[in-house]
>>> print(open('model-v1.csv').read())   # CSV, C-alpha atoms
chain,number,residue,atom,x,y,z
A,20,MET,CA,-20.2,8.6,-9.6
A,21,ASN,CA,-21.7,11.0,-12.1
A,22,VAL,CA,-21.8,14.4,-10.3
A,23,PRO,CA,-21.7,17.7,-12.1
A,24,VAL,CA,-18.6,19.8,-11.2
A,25,ASP,CA,-19.0,23.4,-12.1
A,26,CYS,CA,-16.6,26.3,-12.3
A,27,VAL,CA,-17.8,29.0,-9.9
A,28,LEU,CA,-14.9,31.4,-10.1
A,29,ASP,CA,-12.8,32.0,-13.2
A,30,VAL,CA,-9.5,33.1,-11.6
A,31,ARG,CA,-6.9,31.0,-13.3
A,32,ALA,CA,-4.7,30.5,-10.3
A,33,THR,CA,-1.3,29.0,-10.9
A,34,LEU,CA,-1.3,26.8,-7.8
A,35,GLY,CA,-4.7,27.0,-6.1
A,36,GLU,CA,-4.6,25.4,-2.7
A,37,GLY,CA,-5.6,25.6,1.0
A,38,ALA,CA,-9.4,25.7,0.6
A,39,VAL,CA,-11.3,26.1,4.0
A,40,TRP,CA,-14.8,27.1,4.8
A,41,ASP,CA,-15.4,30.0,7.3
A,42,SER,CA,-18.8,29.3,8.9
A,43,GLY,CA,-18.7,32.6,10.7
A,44,THR,CA,-18.7,34.6,7.5
A,45,GLY,CA,-20.2,32.1,5.1
A,46,SER,CA,-17.2,32.3,2.9
A,47,LEU,CA,-14.4,30.2,1.4
A,48,TRP,CA,-10.8,31.1,2.0
A,49,TRP,CA,-8.1,29.7,-0.3
A,50,VAL,CA,-4.7,30.5,-1.6
A,51,ASP,CA,-2.5,30.7,-4.7
A,52,ILE,CA,0.9,29.5,-3.5
A,53,ALA,CA,2.7,30.6,-6.6
A,54,ALA,CA,1.2,34.0,-7.1
A,55,PRO,CA,1.4,34.4,-4.0
A,56,ALA,CA,-2.1,35.5,-3.0
A,57,LEU,CA,-4.9,35.0,-0.5
A,58,HIS,CA,-8.4,34.6,-1.8
A,59,ARG,CA,-11.9,34.8,-0.3
A,60,TYR,CA,-15.1,33.8,-2.1
A,61,MET,CA,-18.6,34.5,-0.7
A,62,PRO,CA,-21.1,32.3,-2.6
A,63,GLY,CA,-24.1,34.0,-1.1
A,64,THR,CA,-23.3,37.2,-3.1
A,65,GLY,CA,-20.8,35.9,-5.6
A,66,ARG,CA,-18.2,38.4,-4.3
A,67,ALA,CA,-14.5,37.4,-4.7
A,68,GLU,CA,-11.6,39.2,-3.0
A,69,GLU,CA,-7.9,38.8,-3.5
A,70,TRP,CA,-4.9,40.1,-1.5
A,71,PRO,CA,-1.3,39.8,-2.7
A,72,MET,CA,1.0,38.2,-0.1
A,73,PRO,CA,4.6,39.1,0.8
A,74,SER,CA,5.8,35.5,0.4
A,75,ALA,CA,4.7,32.0,-0.6
A,76,ILE,CA,1.4,31.2,1.3
A,77,GLY,CA,0.8,27.5,1.9
A,78,CYS,CA,-2.4,27.5,4.0
A,79,VAL,CA,-5.0,29.6,5.7
A,80,ALA,CA,-7.6,29.2,8.5
A,81,PRO,CA,-10.3,31.4,9.8
A,82,ARG,CA,-9.4,32.8,13.2
A,83,HIS,CA,-11.5,32.7,16.3
A,84,ALA,CA,-10.6,36.3,17.1
A,85,GLY,CA,-11.6,37.4,13.5
A,86,GLY,CA,-9.8,37.5,10.2
A,87,ALA,CA,-7.5,34.6,9.4
A,88,ILE,CA,-4.2,32.9,10.2
A,89,LEU,CA,-1.8,32.4,7.4
A,90,GLY,CA,1.1,30.1,6.8
A,91,LEU,CA,3.7,32.4,5.3
A,92,GLU,CA,7.4,31.9,4.8
A,93,GLN,CA,7.9,34.4,7.7
A,94,GLY,CA,5.9,32.2,10.0
A,95,TRP,CA,2.3,31.9,11.3
A,96,SER,CA,0.7,35.3,10.7
A,97,ALA,CA,-2.6,37.0,11.6
A,98,PHE,CA,-4.5,38.6,8.7
A,99,ASP,CA,-7.1,41.4,9.0
A,100,PRO,CA,-9.3,41.6,5.8
A,101,THR,CA,-10.6,45.0,6.8
A,102,ASP,CA,-7.3,46.7,6.0
A,103,GLY,CA,-5.2,43.8,4.6
A,104,SER,CA,-2.7,44.0,7.4
A,105,ILE,CA,-0.5,41.1,8.4
A,106,SER,CA,1.2,40.6,11.8
A,107,LEU,CA,3.5,37.8,12.9
A,108,ILE,CA,2.2,35.3,15.5
A,109,ASN,CA,5.1,32.8,15.6
A,110,ASP,CA,8.2,32.5,13.4
A,111,GLN,CA,9.4,29.0,14.6
A,112,ALA,CA,8.0,27.5,11.4
A,113,PRO,CA,9.0,26.9,8.7
A,114,ALA,CA,12.2,26.0,10.7
A,115,ARG,CA,14.5,25.3,7.8
A,116,PRO,CA,15.9,28.0,5.4
A,117,GLY,CA,14.4,27.8,1.9
A,118,HIS,CA,11.2,26.1,3.1
A,119,ARG,CA,7.6,27.1,3.0
A,120,PHE,CA,4.3,26.0,4.5
A,121,ASN,CA,2.2,23.6,2.4
A,122,ASP,CA,-1.1,21.9,3.5
A,123,GLY,CA,-2.8,22.7,6.8
A,124,SER,CA,-5.9,22.1,8.9
A,125,VAL,CA,-7.4,23.0,12.2
A,126,ASP,CA,-8.2,20.2,14.8
A,127,PRO,CA,-11.6,20.2,16.6
A,128,ALA,CA,-10.0,22.0,19.6
A,129,GLY,CA,-8.7,24.9,17.4
A,130,ARG,CA,-5.1,24.0,17.0
A,131,PHE,CA,-3.7,24.9,13.5
A,132,TRP,CA,-1.5,22.2,12.0
A,133,ALA,CA,0.5,22.6,8.9
A,134,GLY,CA,3.4,21.0,7.1
A,135,THR,CA,6.5,22.4,5.4
A,136,MET,CA,8.5,21.5,2.3
A,137,PRO,CA,11.4,23.0,0.3
A,138,LYS,CA,10.5,25.8,-2.1
A,139,THR,CA,12.5,24.2,-4.8
A,140,GLY,CA,10.7,20.9,-4.5
A,141,PRO,CA,11.0,17.8,-2.4
A,142,LYS,CA,14.1,15.7,-1.9
A,143,ASN,CA,14.4,12.7,-4.2
A,144,ALA,CA,12.9,9.8,-2.3
A,145,ALA,CA,13.5,7.3,-5.1
A,146,ALA,CA,17.2,8.1,-4.9
A,147,GLY,CA,17.2,7.5,-1.1
A,148,GLU,CA,17.5,11.2,-0.1
A,149,ALA,CA,15.9,11.8,3.3
A,150,GLY,CA,12.8,14.0,3.4
A,151,ASP,CA,13.3,17.3,5.2
A,152,GLY,CA,9.6,18.4,5.4
A,153,GLU,CA,8.1,18.7,8.9
A,154,LEU,CA,4.7,18.9,10.5
A,155,PHE,CA,4.0,21.7,13.0
A,156,CYS,CA,1.2,22.6,15.4
A,157,LEU,CA,0.3,26.1,16.4
A,158,ASP,CA,-1.3,25.9,19.8
A,159,ALA,CA,-4.0,28.2,21.2
A,160,ASP,CA,-1.4,30.2,23.2
A,161,GLY,CA,0.5,31.0,20.1
A,162,SER,CA,3.3,28.5,20.8
A,163,CYS,CA,4.6,26.2,18.0
A,164,ARG,CA,5.9,22.6,18.1
A,165,MET,CA,7.3,20.2,15.5
A,166,VAL,CA,5.5,16.8,15.7
A,167,VAL,CA,6.4,14.8,12.6
A,168,ASP,CA,9.5,15.0,10.4
A,169,GLY,CA,11.0,13.1,7.4
A,170,LEU,CA,8.3,14.2,5.0
A,171,TYR,CA,8.8,15.0,1.3
A,172,THR,CA,5.6,16.7,0.1
A,173,GLN,CA,3.3,16.9,3.1
A,174,ASN,CA,-0.4,17.0,2.3
A,175,GLY,CA,-3.8,15.6,3.1
A,176,LEU,CA,-4.0,16.9,6.7
A,177,ALA,CA,-7.5,16.3,8.2
A,178,PHE,CA,-9.1,15.4,11.5
A,179,SER,CA,-12.2,13.3,12.1
A,180,PRO,CA,-15.2,15.3,13.3
A,181,ASP,CA,-15.1,13.5,16.7
A,182,GLY,CA,-11.4,14.4,17.2
A,183,THR,CA,-10.2,10.8,17.6
A,184,ARG,CA,-8.3,10.4,14.3
A,185,MET,CA,-5.7,12.5,12.4
A,186,TYR,CA,-4.8,11.9,8.7
A,187,LEU,CA,-1.7,12.9,6.9
A,188,SER,CA,-0.4,12.2,3.4
A,189,ASP,CA,2.8,12.5,1.4
A,190,SER,CA,2.2,13.4,-2.3
A,191,HIS,CA,5.8,12.5,-3.5
A,192,PRO,CA,5.5,10.0,-6.5
A,193,ALA,CA,7.7,7.6,-4.6
A,194,VAL,CA,5.6,7.7,-1.5
A,195,ARG,CA,1.9,8.6,-2.4
A,196,THR,CA,0.6,7.3,0.9
A,197,ILE,CA,-2.1,8.4,3.4
A,198,TRP,CA,-1.6,7.6,7.0
A,199,GLN,CA,-4.0,7.4,9.9
A,200,PHE,CA,-3.2,8.3,13.5
A,201,ASP,CA,-5.0,7.9,16.8
A,202,TYR,CA,-5.5,11.4,18.1
A,203,GLU,CA,-5.7,12.6,21.7
A,204,LEU,CA,-7.7,15.8,21.4
A,205,GLU,CA,-7.1,17.2,24.9
A,206,SER,CA,-3.3,17.3,24.4
A,207,GLY,CA,-3.2,17.5,20.6
A,208,THR,CA,-1.1,14.3,20.4
A,209,PRO,CA,-1.1,11.9,17.4
A,210,THR,CA,0.1,8.3,18.0
A,211,ASN,CA,0.0,4.9,16.4
A,212,GLN,CA,0.8,6.0,12.8
A,213,ARG,CA,-0.3,3.4,10.3
A,214,LEU,CA,-1.1,2.9,6.7
A,215,PHE,CA,-4.6,4.2,5.8
A,216,PHE,CA,-4.5,4.1,2.0
A,217,ASP,CA,-1.9,3.5,-0.7
A,218,THR,CA,-2.8,5.6,-3.7
A,219,ARG,CA,-1.0,3.3,-6.1
A,220,GLU,CA,-4.3,1.6,-6.2
A,221,VAL,CA,-5.9,4.6,-8.0
A,222,ALA,CA,-5.1,7.1,-10.7
A,223,GLY,CA,-4.2,10.2,-8.7
A,224,ARG,CA,-1.7,10.9,-6.0
A,225,PRO,CA,-2.9,12.3,-2.6
A,226,ASP,CA,-3.2,16.0,-2.3
A,227,GLY,CA,-5.5,18.1,-0.1
A,228,ALA,CA,-8.3,16.5,1.8
A,229,ALA,CA,-11.7,17.2,3.5
A,230,MET,CA,-13.8,15.2,6.0
A,231,ASP,CA,-17.5,14.6,5.8
A,232,ALA,CA,-20.0,14.3,8.7
A,233,ASP,CA,-19.9,10.5,8.4
A,234,GLY,CA,-16.1,10.5,9.2
A,235,CYS,CA,-15.1,9.7,5.6
A,236,TYR,CA,-12.0,11.1,4.1
A,237,TRP,CA,-12.2,13.0,0.7
A,238,MET,CA,-9.0,13.0,-1.3
A,239,ALA,CA,-8.0,15.4,-4.2
A,240,GLY,CA,-6.4,13.0,-6.6
A,241,ILE,CA,-3.7,15.1,-8.3
A,242,GLU,CA,-2.8,14.0,-11.8
A,243,GLY,CA,-5.8,11.6,-11.7
A,244,TRP,CA,-8.6,13.9,-12.9
A,245,GLN,CA,-10.7,12.8,-9.9
A,246,ILE,CA,-11.6,13.1,-6.2
A,247,LEU,CA,-12.2,10.1,-3.9
A,248,ARG,CA,-14.2,9.3,-0.8
A,249,ILE,CA,-12.5,6.8,1.5
A,250,THR,CA,-14.2,5.2,4.4
A,251,PRO,CA,-12.6,5.1,7.9
A,252,GLN,CA,-11.7,1.5,7.1
A,253,GLY,CA,-9.6,2.6,4.1
A,254,THR,CA,-12.0,1.6,1.3
A,255,VAL,CA,-12.9,3.8,-1.7
A,256,ASP,CA,-16.7,4.0,-1.9
A,257,ARG,CA,-17.1,7.0,-4.3
A,258,THR,CA,-15.1,8.4,-7.2
A,259,ILE,CA,-16.0,11.7,-8.8
A,260,ALA,CA,-14.4,12.7,-12.1
A,261,VAL,CA,-13.4,16.4,-12.2
A,262,PRO,CA,-12.7,18.6,-15.3
A,263,VAL,CA,-9.0,19.3,-14.3
A,264,GLU,CA,-6.0,17.1,-14.2
A,265,LYS,CA,-4.6,18.3,-11.0
A,266,PRO,CA,-7.2,19.0,-8.2
A,267,THR,CA,-5.3,20.1,-5.2
A,268,CYS,CA,-7.6,20.8,-2.2
A,269,LEU,CA,-11.1,20.2,-1.0
A,270,ALA,CA,-13.5,21.9,1.4
A,271,PHE,CA,-17.1,21.4,2.3
A,272,GLY,CA,-19.1,24.6,2.6
A,273,GLY,CA,-22.4,26.3,2.0
A,274,THR,CA,-25.2,26.9,4.4
A,275,ASP,CA,-25.9,23.1,4.6
A,276,LEU,CA,-22.2,22.0,4.3
A,277,LYS,CA,-23.2,20.0,1.2
A,278,ASP,CA,-21.2,22.0,-1.4
A,279,LEU,CA,-17.7,20.6,-2.0
A,280,TYR,CA,-15.2,23.2,-3.3
A,281,ILE,CA,-12.2,22.2,-5.3
A,282,THR,CA,-9.0,24.1,-6.0
A,283,CYS,CA,-6.5,23.1,-8.7
A,284,MET,CA,-3.3,23.8,-10.6
A,285,GLY,CA,-3.5,26.1,-13.6
A,286,PRO,CA,-1.6,27.0,-16.7
A,287,GLY,CA,2.1,26.5,-16.3
A,288,LEU,CA,1.8,23.5,-14.0
A,289,ILE,CA,-0.6,21.2,-16.0
A,290,THR,CA,0.8,18.6,-18.3
A,291,PRO,CA,1.6,20.1,-21.8
A,292,GLY,CA,-0.9,19.0,-24.4
A,293,THR,CA,-3.8,18.8,-22.0
A,294,GLU,CA,-4.9,22.4,-22.2
A,295,GLU,CA,-7.8,21.8,-24.5
A,296,ARG,CA,-9.2,19.1,-22.2
A,297,GLN,CA,-9.1,21.5,-19.2
A,298,PRO,CA,-9.8,25.1,-20.4
A,299,ASN,CA,-10.7,26.1,-16.8
A,300,ALA,CA,-7.6,24.8,-15.2
A,301,GLY,CA,-6.7,27.1,-12.2
A,302,CYS,CA,-10.4,28.0,-11.5
A,303,LEU,CA,-12.4,27.3,-8.4
A,304,PHE,CA,-15.0,24.5,-8.8
A,305,VAL,CA,-17.9,23.2,-6.7
A,306,CYS,CA,-20.0,20.0,-6.7
A,307,ARG,CA,-22.8,18.5,-4.7
A,308,PRO,CA,-21.7,14.9,-3.9
A,309,GLY,CA,-24.8,14.1,-1.9
A,310,VAL,CA,-23.4,14.0,1.6
A,311,GLU,CA,-23.1,16.5,4.5
A,312,GLY,CA,-19.6,17.7,5.0
A,313,TYR,CA,-17.6,18.8,8.1
A,314,ALA,CA,-16.0,22.2,8.4
A,315,PRO,CA,-13.1,22.6,10.9
A,316,PRO,CA,-13.5,25.3,13.6
A,317,PRO,CA,-11.6,28.6,13.5
A,318,ALA,CA,-8.0,28.6,14.7
A,319,ALA,CA,-7.8,29.5,18.4
A,320,ALA,CA,-4.3,31.3,18.4
>>> encode(input="model-v1.csv", output="structure tokens")
Amino acid sequence: MNVPVDCVLDVRATLGEGAVWDSGTGSLWWVDIAAPALHRYMPGTGRAEEWPMPSAIGCVAPRHAGGAILGLEQGWSAFDPTDGSISLINDQAPARPGHRFNDGSVDPAGRFWAGTMPKTGPKNAAAGEAGDGELFCLDADGSCRMVVDGLYTQNGLAFSPDGTRMYLSDSHPAVRTIWQFDYELESGTPTNQRLFFDTREVAGRPDGAAMDADGCYWMAGIEGWQILRITPQGTVDRTIAVPVEKPTCLAFGGTDLKDLYITCMGPGLITPGTEERQPNAGCLFVCRPGVEGYAPPPAAA
């Protein structure tokens, strides 16, 4: 699919991730895990803000009470953009020493879900080492529970707009799989884990994801120079080439939710010798793929 993909913010992040649209403020939150830093972009004015973080930040979500909730090494934390202050909400995750949060998303009821992984990189799945990444849920009352374990590089977390399905992926080269779950929205319980899509069928491995209003799953294909739209039945029906090798996360935004924002890896993490092909690696990109997106609600905690 020939869709223009434009650089809207020349920031040159090292590991851009965690893009999420904040409908209340008309802005895009995203993170640089490696910097580490929190970013906010306001497309209406072009204003861009950046706050250094005290530890690796894997994910962010707008908060119902205002500001945002961050996934830091210290735990789930509240962030106030008016003064840059950070306060701990729950320190039960990441539960293992030397781990950090990775990808996260908010379900339609306002629960903030996020996975963890080792800071030094995932275990070697090809050699038979068991994955020690975990998936946690931060409930509205601020309590935290571990729901899925045995992950290597957790990613691709998303919920269908109607709250009946949960998606989760593992980016590890030996796994590169997206799973679909039945989701019980009232209790926040995923069941019936099953294969949704095996990315060995395409160029890129599964990284961050977004949902559109039709219930289709959009995948950032890291190392594949592309993003994909996958129907609820697990069929690719759109492929969009992007001007970076390693797109990492996607978020629909804008006043009509038809802008698709794309974060990516930057200098230092791209494949050596590809620099001339991707001079804007690490920047924030946007495209208009021709569908209406879905923006998760703010986190309730």
>>> closest_atom_pairs(input="model-v1.csv", of="stretch 179-244 of chain A", to="stretch 287-297 of chain A", cutoff="12 Å", atoms="only C-alpha atoms", output="Markdown table")
| residue | atom | partner | partner_atom | distance |
| --- | --- | --- | --- | --- |
| A:Ile241 | CA | A:Ile289 | CA | 10.3 |
| A:Glu242 | CA | A:Ile289 | CA | 8.6 |
| A:Gly243 | CA | A:Thr290 | CA | 11.7 |
| A:Trp244 | CA | A:Gln297 | CA | 9.9 |
>>> closest_residue(input="model-v1.csv", among="A:Arg257, A:Arg213, A:Lys265, A:Lys138", to="A:Pro116", atoms="all atoms listed in the file")
A:Lys138
>>> closest_residue(input="model-v1.csv", among="A:Ile259, A:Leu204, A:Leu91, A:Ala318", to="A:Ala159", atoms="only C-alpha atoms")
A:Ala318
>>> residues_around(input="model-v1.csv", residues="A:Gly272", least_positions_apart="2", cutoff="6 Å", atoms="all atoms listed in the file", output="ChimeraX atom specification")
/A:40,276,278
>>> residues_near_point(input="model-v1.csv", point="(10.7, 14.2, -4.4)", cutoff="12 Å", atoms="all atoms listed in the file", output="PyMOL selection string")
chain A and resi 136-152+169-173+189-195
>>> closest_atom_pairs(input="model-v1.csv", of="stretch 186-283 of chain A", to="stretch 21-30 of chain A", cutoff="9 Å", atoms="only C-alpha atoms", output="CSV")
residue,atom,partner,partner_atom,distance
A:Thr258,CA,A:Asn21,CA,8.6
A:Ile259,CA,A:Val22,CA,6.6
A:Ala260,CA,A:Asn21,CA,7.5
A:Val261,CA,A:Val24,CA,6.3
A:Pro262,CA,A:Val24,CA,7.3
>>> residues_near_point(input="model-v1.csv", point="(-4.0, 41.8, -5.1)", cutoff="12 Å", atoms="all atoms listed in the file", output="MDAnalysis selection string")
chainID A and resid 50:51 54:59 67:73 103
>>> residues_around(input="model-v1.csv", residues="A:Asp231", least_positions_apart="4", cutoff="8 Å", atoms="all atoms listed in the file", output="count of residues only")
9
>>> atom_distance(input="model-v1.csv", atom1="atom CA of A:Arg184", atom2="atom CA of A:Gly129")
14.8 Å
>>> residues_around(input="model-v1.csv", residues="stretch 47-49 of chain A", least_positions_apart="4", cutoff="8 Å", atoms="only C-alpha atoms", output="list in words")
Gly35, Glu36, Gly37, Ala38, Val39, Trp40, Asp41, Leu57, His58, Arg59, Tyr60, Met61, Cys78, Val79, Ala80, Pro81 and Gly272 of chain A
>>> residues_around(input="model-v1.csv", residues="A:Phe200", least_positions_apart="2", cutoff="9 Å", atoms="only C-alpha atoms", output="number ranges by chain")
A: 183-187, 198, 202, 209-215
>>> write_last_selection(input="model-v1.csv", atoms="C-alpha atoms", output="compact mmCIF listing (two decimals), keeping the file's coordinate frame")
# COMPACT_ATOMS: atom_id res chain seq x y z
CA THR A 183 -10.20 10.80 17.60
CA ARG A 184 -8.30 10.40 14.30
CA MET A 185 -5.70 12.50 12.40
CA TYR A 186 -4.80 11.90 8.70
CA LEU A 187 -1.70 12.90 6.90
CA TRP A 198 -1.60 7.60 7.00
CA TYR A 202 -5.50 11.40 18.10
CA PRO A 209 -1.10 11.90 17.40
CA THR A 210 0.10 8.30 18.00
CA ASN A 211 0.00 4.90 16.40
CA GLN A 212 0.80 6.00 12.80
CA ARG A 213 -0.30 3.40 10.30
CA LEU A 214 -1.10 2.90 6.70
CA PHE A 215 -4.60 4.20 5.80
>>> closest_residue(input="model-v1.csv", among="A:Val167, A:Ala53, A:Leu176, A:Ala228", to="A:Arg119", atoms="only C-alpha atoms")
A:Ala53
>>> closest_residue(input="model-v1.csv", among="A:Asp126, A:Gly134, A:Glu153, A:Ala87", to="A:Asp181", atoms="all atoms listed in the file")
A:Asp126
>>> atom_distance(input="model-v1.csv", atom1="atom CA of A:Trp132", atom2="atom CA of A:Asp99")
20.2 Å
